[in-house]
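Asks: I'd like to ask some things about the structure below.
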Amino acid sequence: MNKAIGIFIASLFSASFGTAVLADSGTINYHTGWACPNNFVAQPAEGAMIGTGTCRGTTYNDNGSGPLHMGAAQCHYSFYVNNGDARNKGYCFWSDADGDRIFTDFDGDPSANNGGGEGVNVIAGGTGKYEGISGSGPWKCTWVGTDGELHCNQTFNYELP
């Protein structure tokens, strides 16, 4: 009988621990290493550029574990520069080791932070444990290489239903 109760309690603990990953609201601090070669750049006029590209990378939760730790990430972006006015816009997904994803819509200033850029991610949705997630948070990137490599720090302030 005691063995049966022990197995039941262990099973209940395992099920609870495996599914309780995020609180109803909170903050996720994470960083990403990116490879971001430009796919297309045009210069339609003197002092003006437009372009698009894709960044692929890996995300790490700043705590060393938890949401989005060791997950794939991908962003598709476009940018515009006209005589010093610089803007970018794009869409990303952020994964965790389980393959669950958070989707974002971002914008910012690609000329900020010595050209690494900074702006805001707005959460557009999620899958798995992130189903129904909402929120937003800042991002800030730094160039670390000469072939499109970036390091970015991000934060999500989120709510779950």
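Naming scheme: A, B, ... for chains in displayed order of the structure tokens; residues 1 onward per chain; ligands 1 onward as shown.
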Considering only helix (DSSP H, G or I) as DSSP defines it on the backbone, what residues of region 6-102 of chain A qualify? List them as a PyMOL selection string.

Replies: chain A and resi 6-19

Asks: Report the residues of chain A whose backbone DSSP state falls under strand (DSSP E), written as JSON, numbers by chain.

Replies: {"A": [25, 26, 27, 28, 29, 30, 31, 32, 33, 34, 35, 38, 39, 40, 41, 42, 43, 44, 45, 48, 49, 50, 51, 52, 53, 54, 55, 56, 57, 58, 59, 60, 61, 71, 72, 73, 74, 75, 76, 77, 78, 79, 80, 81, 82, 85, 86, 87, 88, 89, 90, 91, 92, 93, 94, 95, 101, 102, 103, 104, 105, 106, 107, 108, 109, 118, 119, 120, 121, 122, 123, 124, 125, 126, 134, 135, 136, 137, 138, 139, 140, 141, 142, 143, 149, 150, 151, 152, 153, 154, 155, 156, 157, 158, 159]}

Asks: Find the residues near region 49-53 of chain A: any atom within 10 Å, counting only C-alpha atoms, skip ones fewer than 3 places away on the same chain, and give them as a PyMOL selection string.

Replies: chain A and resi 36-46+75-83+86-90

Asks: Can you work out which one of A:Asn121, A:Thr146, A:Gln74, A:Asn153 has the shortest atom-to-atom distance to Asp107 (chain A), counting only C-alpha atoms?

Replies: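 For Asp107 (chain A), the nearest of the given residues is A:Asn121.
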
Asks: Hey, what's within 10 Å of Tyr130 (chain A) if we count only C-alpha atoms and toss same-chain stuff fewer than 2 positions away? As a list in words, please?

Replies: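 The filter keeps Val21, Leu22, Pro67, Ser95, Asp100, Arg101, Ile102, Phe103, Gly125, Gly126, Thr127, Gly128, Gly132, Ile133, Ser134, Tyr158, Glu159, Leu160 and Pro161 of chain A.
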